[in-house]
file work.pdb (PDB, C-alpha atoms)
ATOM      1  CA  ARG A   1     104.524  85.247  80.912
ATOM      2  CA  THR A   2     103.446  81.832  79.645
ATOM      3  CA  ASP A   3      99.981  82.194  81.189
ATOM      4  CA  ALA A   4      99.551  85.628  79.596
ATOM      5  CA  LEU A   5     100.538  84.338  76.153
ATOM      6  CA  THR A   6      98.244  81.323  76.516
ATOM      7  CA  SER A   7      95.296  83.528  77.478
ATOM      8  CA  PHE A   8      95.996  85.786  74.502
ATOM      9  CA  LYS A   9      96.295  82.897  72.031
ATOM     10  CA  ARG A  10      93.073  81.304  73.248
ATOM     11  CA  GLY A  11      91.171  84.562  73.000
ATOM     12  CA  ARG A  12      90.521  85.003  76.710
ATOM     13  CA  CYS A  13      92.113  88.473  76.510
ATOM     14  CA  ARG A  14      92.052  90.781  73.485
ATOM     15  CA  VAL A  15      95.048  93.020  74.231
ATOM     16  CA  LEU A  16      98.577  91.915  75.127
ATOM     17  CA  VAL A  17     101.091  94.459  76.437
ATOM     18  CA  ALA A  18     104.712  93.308  76.253
ATOM     19  CA  THR A  19     108.117  94.808  77.031
ATOM     20  CA  ASP A  20     110.959  94.911  74.529
ATOM     21  CA  VAL A  21     112.423  91.662  75.847
ATOM     22  CA  ALA A  22     109.110  89.779  76.026
ATOM     23  CA  ALA A  23     108.025  90.936  72.578
ATOM     24  CA  ARG A  24     110.932  89.122  70.908
ATOM     25  CA  GLY A  25     109.554  85.696  71.714
ATOM     26  CA  ILE A  26     105.890  86.255  70.890
ATOM     27  CA  ASP A  27     104.561  83.700  68.403
ATOM     28  CA  VAL A  28     100.858  84.249  67.827
ATOM     29  CA  GLU A  29      98.820  83.214  64.803
ATOM     30  CA  GLY A  30      96.277  85.561  63.246
ATOM     31  CA  LEU A  31      97.447  88.763  64.920
ATOM     32  CA  GLY A  32      95.642  91.633  63.200
ATOM     33  CA  LEU A  33      97.121  94.707  64.917
ATOM     34  CA  VAL A  34     100.530  95.631  66.361
ATOM     35  CA  VAL A  35     101.232  98.974  68.039
ATOM     36  CA  ASN A  36     104.796  99.974  68.892
ATOM     37  CA  PHE A  37     104.698 102.474  71.748
ATOM     38  CA  ASP A  38     108.102 103.727  70.609
ATOM     39  CA  VAL A  39     110.520 102.951  67.791
ATOM     40  CA  PRO A  40     112.451  99.700  68.359
ATOM     41  CA  GLN A  41     116.190 100.285  68.637
ATOM     42  CA  LEU A  42     117.000  97.318  66.397
ATOM     43  CA  SER A  43     115.612  96.863  62.907
ATOM     44  CA  GLU A  44     115.331  93.113  63.515
ATOM     45  CA  ASP A  45     112.979  93.741  66.448
ATOM     46  CA  TYR A  46     110.744  95.928  64.317
ATOM     47  CA  ILE A  47     110.598  93.342  61.537
ATOM     48  CA  HIS A  48     109.793  90.564  63.996
ATOM     49  CA  ARG A  49     107.024  92.519  65.715
ATOM     50  CA  VAL A  50     105.155  93.807  62.697
ATOM     51  CA  GLY A  51     105.699  90.500  60.919
ATOM     52  CA  ARG A  52     103.244  88.895  63.345
ATOM     53  CA  THR A  53     100.461  90.514  61.288
ATOM     54  CA  GLY A  54     101.552  89.028  57.955
ATOM     55  CA  ARG A  55     102.148  85.377  58.679
ATOM     56  CA  MET A  56     100.676  82.650  56.472
ATOM     57  CA  ASP A  57      99.582  85.190  53.823
ATOM     58  CA  ALA A  58      97.470  86.993  56.408
ATOM     59  CA  THR A  59      97.118  90.752  56.472
ATOM     60  CA  GLY A  60      97.099  93.195  59.329
ATOM     61  CA  GLU A  61      98.099  96.657  60.433
ATOM     62  CA  ALA A  62     101.122  97.907  62.368
ATOM     63  CA  TYR A  63     101.473 101.363  63.916
ATOM     64  CA  THR A  64     104.548 102.897  65.497
ATOM     65  CA  LEU A  65     104.430 106.030  67.633
ATOM     66  CA  VAL A  66     107.382 108.197  66.638
ATOM     67  CA  SER A  67     108.698 111.276  68.417
ATOM     68  CA  PRO A  68     110.846 113.867  66.591
ATOM     69  CA  ASN A  69     114.061 112.620  68.204
ATOM     70  CA  GLU A  70     113.362 109.070  66.928
ATOM     71  CA  GLU A  71     113.357 109.980  63.237
ATOM     72  CA  ASP A  72     116.934 108.756  62.735
ATOM     73  CA  THR A  73     116.080 105.342  64.187
ATOM     74  CA  LEU A  74     113.000 105.128  61.971
ATOM     75  CA  ARG A  75     115.057 105.921  58.852
ATOM     76  CA  ALA A  76     117.511 103.147  59.777
ATOM     77  CA  ILE A  77     114.585 100.718  59.871
ATOM     78  CA  GLU A  78     113.408 101.932  56.475
ATOM     79  CA  ARG A  79     116.843 101.269  55.003
ATOM     80  CA  ALA A  80     116.821  97.759  56.480
ATOM     81  CA  ILE A  81     113.420  96.836  55.000
ATOM     82  CA  GLY A  82     114.048  98.681  51.723
ATOM     83  CA  THR A  83     110.928 100.834  51.776
ATOM     84  CA  ARG A  84     109.723 104.119  53.178
ATOM     85  CA  LEU A  85     107.058 103.915  55.826
ATOM     86  CA  PRO A  86     104.116 106.271  55.411
ATOM     87  CA  ARG A  87     103.770 109.018  58.014
ATOM     88  CA  GLN A  88     100.454 109.994  59.443
ATOM     89  CA  LYS A  89      99.674 112.625  62.041
ATOM     90  CA  VAL A  90      97.041 112.056  64.660
ATOM     91  CA  PRO A  91      94.204 114.553  64.206
ATOM     92  CA  GLU A  92      93.692 117.155  66.944
ATOM     93  CA  PHE A  93      96.941 116.183  68.692
ATOM     94  CA  ASN A  94      99.118 119.087  69.820
ATOM     95  CA  TYR A  95     102.620 118.049  68.784
ATOM     96  CA  ALA A  96     104.167 121.267  70.113
ATOM     97  CA  LYS A  97     102.917 120.742  73.645
ATOM     98  CA  THR A  98     105.252 119.171  76.172
ATOM     99  CA  PRO A  99     103.852 116.989  78.945
ATOM    100  CA  THR A 100     103.647 118.597  82.364
ATOM    101  CA  GLU A 101     103.733 115.286  84.181
ATOM    102  CA  ARG A 102     107.131 113.681  84.549
ATOM    103  CA  PHE A 103     106.893 109.950  84.004
ATOM    104  CA  GLU A 104     110.401 109.296  85.318
ATOM    105  CA  VAL A 105     112.051 111.071  88.227
ATOM    106  CA  PRO A 106     115.569 112.278  87.338
ATOM    107  CA  LEU A 107     118.433 110.415  88.971
ATOM    108  CA  ALA A 108     119.648 113.490  90.860
ATOM    109  CA  ASP A 109     116.194 113.978  92.407
ATOM    110  CA  ARG A 110     116.004 110.330  93.430
ATOM    111  CA  ILE A 111     119.440 110.485  95.086
ATOM    112  CA  ALA A 112     118.480 113.677  96.922
ATOM    113  CA  ALA A 113     115.261 112.065  98.160
ATOM    114  CA  ILE A 114     117.173 109.014  99.420
ATOM    115  CA  ARG A 115     119.689 111.189 101.267
ATOM    116  CA  THR A 116     116.891 113.208 102.862
ATOM    117  CA  ARG A 117     115.129 110.040 103.996
ATOM    118  CA  LYS A 118     118.360 108.622 105.442
ATOM    119  CA  ALA A 119     119.046 111.865 107.319
ATOM    120  CA  ASP A 120     115.543 111.789 108.805
ATOM    121  CA  GLU A 121     116.049 108.172 109.880
ATOM    122  CA  ARG A 122     119.313 109.069 111.634
ATOM    123  CA  VAL A 123     117.631 111.947 113.481
ATOM    124  CA  ARG A 124     114.795 109.663 114.630
ATOM    125  CA  ALA A 125     117.272 106.980 115.726
ATOM    126  CA  LYS A 126     119.249 109.469 117.845
ATOM    127  CA  ALA A 127     116.034 110.771 119.397
ATOM    128  CA  ASN A 128     114.972 107.222 120.296
ATOM    129  CA  VAL A 129     118.342 106.496 121.919
ATOM    130  CA  ALA A 130     118.181 109.707 123.951
ATOM    131  CA  ARG A 131     114.604 108.967 125.011
ATOM    132  CA  ARG A 132     115.482 105.442 126.157
ATOM    133  CA  ALA A 133     118.503 106.718 128.072
ATOM    134  CA  THR A 134     116.412 109.361 129.835
ATOM    135  CA  SER A 135     113.663 106.905 130.754
ATOM    136  CA  GLY A 136     116.277 104.489 132.115
ATOM    137  CA  ILE A 137     117.621 107.126 134.507
ATOM    138  CA  THR A 138     114.253 108.299 135.807
ATOM    139  CA  ALA A 139     112.457 104.955 135.917
ATOM    140  CA  GLY A 140     115.327 102.606 136.719
ATOM    141  CA  PRO A 141     115.541 100.385 139.826
ATOM    142  CA  ALA A 142     115.650 102.473 142.983
ATOM    143  CA  ALA A 143     116.796 101.302 146.403
ATOM    144  CA  SER A 144     115.804 103.284 149.413
ATOM    145  CA  VAL A 145     118.641 103.209 151.892
ATOM    146  CA  THR A 146     117.810 103.766 155.507
ATOM    147  CA  ALA A 147     120.170 104.242 158.386
ATOM    148  CA  GLY A 148     122.311 101.197 158.993
ATOM    149  CA  GLN A 149     121.497  99.581 155.605
ATOM    150  CA  HIS A 150     124.027  98.856 152.883
ATOM    151  CA  PRO A 151     122.239  97.562 149.792
ATOM    152  CA  THR A 152     124.200  95.010 147.813
ATOM    153  CA  SER A 153     121.723  94.561 144.946
ATOM    154  CA  PRO A 154     119.167  96.665 143.032
ATOM    155  CA  ARG A 155     116.512  95.401 145.415
ATOM    156  CA  ALA A 156     116.312  96.916 148.871
ATOM    157  CA  VAL A 157     117.772  94.658 151.534
ATOM    158  CA  ARG A 158     115.467  93.810 154.399
ATOM    159  CA  PRO A 159     117.423  93.831 157.675
ATOM    160  CA  HIS A 160     117.091  91.130 160.307
ATOM    161  CA  ARG A 161     114.900  91.962 163.262
ATOM    162  CA  VAL A 162     116.716  91.459 166.545
ATOM    163  CA  THR A 163     114.903  91.395 169.861
ATOM    164  CA  ALA A 164     116.666  90.999 173.213
ATOM    165  CA  LYS A 165     115.798  91.383 176.821
ATOM    166  CA  PRO A 166     117.861  94.037 178.516
ATOM    167  CA  PHE A 167     120.135  92.738 181.244
ATOM    168  CA  THR A 168     122.903  94.053 183.439
ATOM    169  CA  GLY A 169     124.708  90.821 184.261
ATOM    170  CA  LYS A 170     128.235  89.754 183.588
ATOM    171  CA  SER A 171     129.657  88.984 180.142
ATOM    172  CA  PHE A 172     128.670  85.736 178.500
ATOM    173  CA  SER A 173     130.703  83.151 176.666
ATOM    174  CA  ARG A 174     129.916  81.441 173.330
ATOM    175  CA  PRO A 175     126.662  79.454 173.357
ATOM    176  CA  VAL A 176     126.917  75.771 174.146
ATOM    177  CA  SER A 177     124.430  72.991 173.896
ATOM    178  CA  GLY A 178     122.695  71.888 177.053
ATOM    179  CA  ARG A 179     120.409  73.310 179.664
ATOM    180  CA  VAL A 180     121.240  75.723 182.422
ATOM    181  CA  ASN A 181     119.066  75.750 185.536
ATOM    182  CA  GLY A 182     116.421  73.892 183.553
ATOM    183  CA  THR A 183     116.137  76.711 180.975
ATOM    184  CA  ALA A 184     117.480  76.631 177.422
ATOM    185  CA  GLY A 185     119.910  79.443 176.855
ATOM    186  CA  TRP A 186     123.488  80.489 177.196
ATOM    187  CA  ARG A 187     125.738  79.334 180.011
ATOM    188  CA  SER A 188     127.520  82.065 181.858
ATOM    189  CA  THR A 189     131.067  81.948 183.067
ATOM    190  CA  GLY A 190     129.838  83.622 186.223
ATOM    191  CA  SER A 191     126.984  83.018 188.538
ATOM    192  CA  THR A 192     124.431  84.946 186.496
ATOM    193  CA  THR A 193     122.503  83.307 183.659
ATOM    194  CA  GLU A 194     120.164  85.321 181.464
ATOM    195  CA  PRO A 195     118.221  83.681 178.628
ATOM    196  CA  ARG A 196     118.188  85.548 175.283
ATOM    197  CA  SER A 197     116.298  85.023 172.102
ATOM    198  CA  VAL A 198     117.521  85.982 168.635
ATOM    199  CA  GLN A 199     114.805  86.048 166.000
ATOM    200  CA  GLY A 200     115.585  86.313 162.334
ATOM    201  CA  ALA A 201     113.385  88.146 159.903
TER     202      ALA A 201
END
call {"tool": "encode", "arguments": {"input": "work.pdb", "output": "structure tokens"}}
result
Amino acid sequence: RTDALTSFKRGRCRVLVATDVAARGIDVEGLGLVVNFDVPQLSEDYIHRVGRTGRMDATGEAYTLVSPNEEDTLRAIERAIGTRLPRQKVPEFNYAKTPTERFEVPLADRIAAIRTRKADERVRAKANVARRATSGITAGPAASVTAGQHPTSPRAVRPHRVTAKPFTGKSFSRPVSGRVNGTAGWRSTGSTTEPRSVQGA
């Protein structure tokens, strides 16, 4: 706001557009033209705005665009300043025509649009959840179980590979350390000794 006012005062810009709130604090010397887009609701605001053109014995022009439903507000301003403001119609302007473009969307339409958008978002969210659930079932971790395997984790368990020489001797006891007949192996409780090898995967 300060930068805009400074640019306007120094002549870097020729037109300054201000809202109702911003227009109350405008203090510009040598302002030759003021245009009110609509009738100010307070008489004090009108006096302050158009008074920018008459400071320090200067002269200027002030125009206010008035619609038919703002006539009462305009008459209240006239009573406050003690004079009647001259009316002037814009040539070739069709005052009976109503604008086809709506500059402000009604509140009911805005609420309906918000509800429609929220409903669409809920539908998309449910579809995403269903899609993720379906992809998790079809593409989840699979473990192929073969005969004799009991998987304990999502990854397939690799069984140990056991190799043994077939023998028909007597039963053997628990393995003990030492050597039997000069060969590493298990010591038999009988007279037969058969070496075995157990290889882990």
call {"tool": "resolve_selection", "arguments": {"input": "work.pdb", "expression": "the PyMOL selection byres ((chain A and resi 50) around 12)", "output": "VMD selection string"}}
result
chain A and resid 23 to 24 26 to 28 31 to 36 39 to 40 43 to 49 51 to 55 59 to 64 81
call {"tool": "write_last_selection", "arguments": {"input": "work.pdb", "atoms": "C-alpha atoms", "output": "PDB file, in the frame of the given file"}}
result
ATOM      1  CA  ALA A  23     108.025  90.936  72.578  1.00  0.00           C
ATOM      2  CA  ARG A  24     110.932  89.122  70.908  1.00  0.00           C
ATOM      3  CA  ILE A  26     105.890  86.255  70.890  1.00  0.00           C
ATOM      4  CA  ASP A  27     104.561  83.700  68.403  1.00  0.00           C
ATOM      5  CA  VAL A  28     100.858  84.249  67.827  1.00  0.00           C
ATOM      6  CA  LEU A  31      97.447  88.763  64.920  1.00  0.00           C
ATOM      7  CA  GLY A  32      95.642  91.633  63.200  1.00  0.00           C
ATOM      8  CA  LEU A  33      97.121  94.707  64.917  1.00  0.00           C
ATOM      9  CA  VAL A  34     100.530  95.631  66.361  1.00  0.00           C
ATOM     10  CA  VAL A  35     101.232  98.974  68.039  1.00  0.00           C
ATOM     11  CA  ASN A  36     104.796  99.974  68.892  1.00  0.00           C
ATOM     12  CA  VAL A  39     110.520 102.951  67.791  1.00  0.00           C
ATOM     13  CA  PRO A  40     112.451  99.700  68.359  1.00  0.00           C
ATOM     14  CA  SER A  43     115.612  96.863  62.907  1.00  0.00           C
ATOM     15  CA  GLU A  44     115.331  93.113  63.515  1.00  0.00           C
ATOM     16  CA  ASP A  45     112.979  93.741  66.448  1.00  0.00           C
ATOM     17  CA  TYR A  46     110.744  95.928  64.317  1.00  0.00           C
ATOM     18  CA  ILE A  47     110.598  93.342  61.537  1.00  0.00           C
ATOM     19  CA  HIS A  48     109.793  90.564  63.996  1.00  0.00           C
ATOM     20  CA  ARG A  49     107.024  92.519  65.715  1.00  0.00           C
ATOM     21  CA  GLY A  51     105.699  90.500  60.919  1.00  0.00           C
ATOM     22  CA  ARG A  52     103.244  88.895  63.345  1.00  0.00           C
ATOM     23  CA  THR A  53     100.461  90.514  61.288  1.00  0.00           C
ATOM     24  CA  GLY A  54     101.552  89.028  57.955  1.00  0.00           C
ATOM     25  CA  ARG A  55     102.148  85.377  58.679  1.00  0.00           C
ATOM     26  CA  THR A  59      97.118  90.752  56.472  1.00  0.00           C
ATOM     27  CA  GLY A  60      97.099  93.195  59.329  1.00  0.00           C
ATOM     28  CA  GLU A  61      98.099  96.657  60.433  1.00  0.00           C
ATOM     29  CA  ALA A  62     101.122  97.907  62.368  1.00  0.00           C
ATOM     30  CA  TYR A  63     101.473 101.363  63.916  1.00  0.00           C
ATOM     31  CA  THR A  64     104.548 102.897  65.497  1.00  0.00           C
ATOM     32  CA  ILE A  81     113.420  96.836  55.000  1.00  0.00           C
TER      33      ILE A  81
END
call {"tool": "atom_distance", "arguments": {"input": "work.pdb", "atom1": "CA of Gln88 (chain A)", "atom2": "CA of Leu65 (chain A)"}}
result
9.9 Å
call {"tool": "axis_aligned_box", "arguments": {"input": "work.pdb", "around": "region 27-35 of chain A", "padding_each_side": "3 Å", "output": "lines of an AutoDock Vina configuration file"}}
result
center_x = 100.1
center_y = 91.1
center_z = 65.8
size_x = 14.9
size_y = 21.8
size_z = 11.2
call {"tool": "residues_around", "arguments": {"input": "work.pdb", "residues": "Lys9 (chain A)", "least_positions_apart": "4", "cutoff": "10 Å", "atoms": "only C-alpha atoms", "output": "number ranges by chain"}}
result
A: 3-5, 13-14, 16, 27-31
call {"tool": "atom_distance", "arguments": {"input": "work.pdb", "atom1": "CA of Arg79 (chain A)", "atom2": "CA of Phe37 (chain A)"}}
result
20.7 Å
call {"tool": "atom_distance", "arguments": {"input": "work.pdb", "atom1": "CA of Leu42 (chain A)", "atom2": "CA of Pro86 (chain A)"}}
result
19.2 Å
call {"tool": "build_atoms", "arguments": {"input": "work.pdb", "residues": "region 12-41 of chain A", "atoms": "N, CA and C atoms", "output": "PDB file, in the frame of the given file"}}
result
ATOM      1  N   ARG A  12      91.094  84.583  75.433  1.00  0.00           N
ATOM      2  CA  ARG A  12      90.521  85.003  76.710  1.00  0.00           C
ATOM      3  C   ARG A  12      90.798  86.478  77.002  1.00  0.00           C
ATOM      4  N   CYS A  13      91.852  87.028  76.419  1.00  0.00           N
ATOM      5  CA  CYS A  13      92.113  88.473  76.510  1.00  0.00           C
ATOM      6  C   CYS A  13      92.388  88.999  75.109  1.00  0.00           C
ATOM      7  N   ARG A  14      91.980  90.229  74.836  1.00  0.00           N
ATOM      8  CA  ARG A  14      92.052  90.781  73.485  1.00  0.00           C
ATOM      9  C   ARG A  14      93.277  91.650  73.271  1.00  0.00           C
ATOM     10  N   VAL A  15      93.895  92.127  74.348  1.00  0.00           N
ATOM     11  CA  VAL A  15      95.048  93.020  74.231  1.00  0.00           C
ATOM     12  C   VAL A  15      96.194  92.434  75.047  1.00  0.00           C
ATOM     13  N   LEU A  16      97.375  92.394  74.452  1.00  0.00           N
ATOM     14  CA  LEU A  16      98.577  91.915  75.127  1.00  0.00           C
ATOM     15  C   LEU A  16      99.618  93.023  75.115  1.00  0.00           C
ATOM     16  N   VAL A  17     100.058  93.427  76.299  1.00  0.00           N
ATOM     17  CA  VAL A  17     101.091  94.459  76.437  1.00  0.00           C
ATOM     18  C   VAL A  17     102.387  93.765  76.824  1.00  0.00           C
ATOM     19  N   ALA A  18     103.442  93.995  76.031  1.00  0.00           N
ATOM     20  CA  ALA A  18     104.712  93.308  76.253  1.00  0.00           C
ATOM     21  C   ALA A  18     105.859  94.305  76.247  1.00  0.00           C
ATOM     22  N   THR A  19     106.900  93.997  77.027  1.00  0.00           N
ATOM     23  CA  THR A  19     108.117  94.808  77.031  1.00  0.00           C
ATOM     24  C   THR A  19     108.968  94.457  75.818  1.00  0.00           C
ATOM     25  N   ASP A  20     110.070  95.178  75.660  1.00  0.00           N
ATOM     26  CA  ASP A  20     110.959  94.911  74.529  1.00  0.00           C
ATOM     27  C   ASP A  20     111.483  93.481  74.555  1.00  0.00           C
ATOM     28  N   VAL A  21     111.869  93.011  75.743  1.00  0.00           N
ATOM     29  CA  VAL A  21     112.423  91.662  75.847  1.00  0.00           C
ATOM     30  C   VAL A  21     111.352  90.610  75.587  1.00  0.00           C
ATOM     31  N   ALA A  22     110.174  90.775  76.189  1.00  0.00           N
ATOM     32  CA  ALA A  22     109.110  89.779  76.026  1.00  0.00           C
ATOM     33  C   ALA A  22     108.571  89.746  74.605  1.00  0.00           C
ATOM     34  N   ALA A  23     108.594  90.877  73.926  1.00  0.00           N
ATOM     35  CA  ALA A  23     108.025  90.936  72.578  1.00  0.00           C
ATOM     36  C   ALA A  23     108.837  90.144  71.566  1.00  0.00           C
ATOM     37  N   ARG A  24     110.099  89.842  71.873  1.00  0.00           N
ATOM     38  CA  ARG A  24     110.932  89.122  70.908  1.00  0.00           C
ATOM     39  C   ARG A  24     110.507  87.669  70.749  1.00  0.00           C
ATOM     40  N   GLY A  25     109.908  87.108  71.789  1.00  0.00           N
ATOM     41  CA  GLY A  25     109.554  85.696  71.714  1.00  0.00           C
ATOM     42  C   GLY A  25     108.085  85.437  71.488  1.00  0.00           C
ATOM     43  N   ILE A  26     107.325  86.441  71.089  1.00  0.00           N
ATOM     44  CA  ILE A  26     105.890  86.255  70.890  1.00  0.00           C
ATOM     45  C   ILE A  26     105.642  85.541  69.563  1.00  0.00           C
ATOM     46  N   ASP A  27     104.903  84.464  69.610  1.00  0.00           N
ATOM     47  CA  ASP A  27     104.561  83.700  68.403  1.00  0.00           C
ATOM     48  C   ASP A  27     103.059  83.436  68.442  1.00  0.00           C
ATOM     49  N   VAL A  28     102.316  84.308  67.791  1.00  0.00           N
ATOM     50  CA  VAL A  28     100.858  84.249  67.827  1.00  0.00           C
ATOM     51  C   VAL A  28     100.337  84.226  66.397  1.00  0.00           C
ATOM     52  N   GLU A  29      99.442  83.303  66.121  1.00  0.00           N
ATOM     53  CA  GLU A  29      98.820  83.214  64.803  1.00  0.00           C
ATOM     54  C   GLU A  29      97.641  84.179  64.702  1.00  0.00           C
ATOM     55  N   GLY A  30      97.443  84.733  63.523  1.00  0.00           N
ATOM     56  CA  GLY A  30      96.277  85.561  63.246  1.00  0.00           C
ATOM     57  C   GLY A  30      96.243  86.864  64.022  1.00  0.00           C
ATOM     58  N   LEU A  31      97.391  87.480  64.212  1.00  0.00           N
ATOM     59  CA  LEU A  31      97.447  88.763  64.920  1.00  0.00           C
ATOM     60  C   LEU A  31      97.136  89.875  63.930  1.00  0.00           C
ATOM     61  N   GLY A  32      96.079  90.640  64.176  1.00  0.00           N
ATOM     62  CA  GLY A  32      95.642  91.633  63.200  1.00  0.00           C
ATOM     63  C   GLY A  32      96.157  93.035  63.440  1.00  0.00           C
ATOM     64  N   LEU A  33      96.679  93.342  64.627  1.00  0.00           N
ATOM     65  CA  LEU A  33      97.121  94.707  64.917  1.00  0.00           C
ATOM     66  C   LEU A  33      98.308  94.682  65.873  1.00  0.00           C
ATOM     67  N   VAL A  34      99.349  95.447  65.507  1.00  0.00           N
ATOM     68  CA  VAL A  34     100.530  95.631  66.361  1.00  0.00           C
ATOM     69  C   VAL A  34     100.764  97.120  66.518  1.00  0.00           C
ATOM     70  N   VAL A  35     100.950  97.565  67.756  1.00  0.00           N
ATOM     71  CA  VAL A  35     101.232  98.974  68.039  1.00  0.00           C
ATOM     72  C   VAL A  35     102.547  99.039  68.806  1.00  0.00           C
ATOM     73  N   ASN A  36     103.533  99.717  68.210  1.00  0.00           N
ATOM     74  CA  ASN A  36     104.796  99.974  68.892  1.00  0.00           C
ATOM     75  C   ASN A  36     104.686 101.299  69.643  1.00  0.00           C
ATOM     76  N   PHE A  37     104.807 101.250  70.960  1.00  0.00           N
ATOM     77  CA  PHE A  37     104.698 102.474  71.748  1.00  0.00           C
ATOM     78  C   PHE A  37     105.825 103.439  71.417  1.00  0.00           C
ATOM     79  N   ASP A  38     106.983 102.911  71.085  1.00  0.00           N
ATOM     80  CA  ASP A  38     108.102 103.727  70.609  1.00  0.00           C
ATOM     81  C   ASP A  38     108.821 102.957  69.513  1.00  0.00           C
ATOM     82  N   VAL A  39     109.808 103.572  68.905  1.00  0.00           N
ATOM     83  CA  VAL A  39     110.520 102.951  67.791  1.00  0.00           C
ATOM     84  C   VAL A  39     111.516 101.932  68.340  1.00  0.00           C
ATOM     85  N   PRO A  40     111.464 100.683  67.907  1.00  0.00           N
ATOM     86  CA  PRO A  40     112.451  99.700  68.359  1.00  0.00           C
ATOM     87  C   PRO A  40     113.866 100.129  67.992  1.00  0.00           C
ATOM     88  N   GLN A  41     114.811  99.881  68.884  1.00  0.00           N
ATOM     89  CA  GLN A  41     116.190 100.285  68.637  1.00  0.00           C
ATOM     90  C   GLN A  41     116.858  99.435  67.564  1.00  0.00           C
TER      91      GLN A  41
END
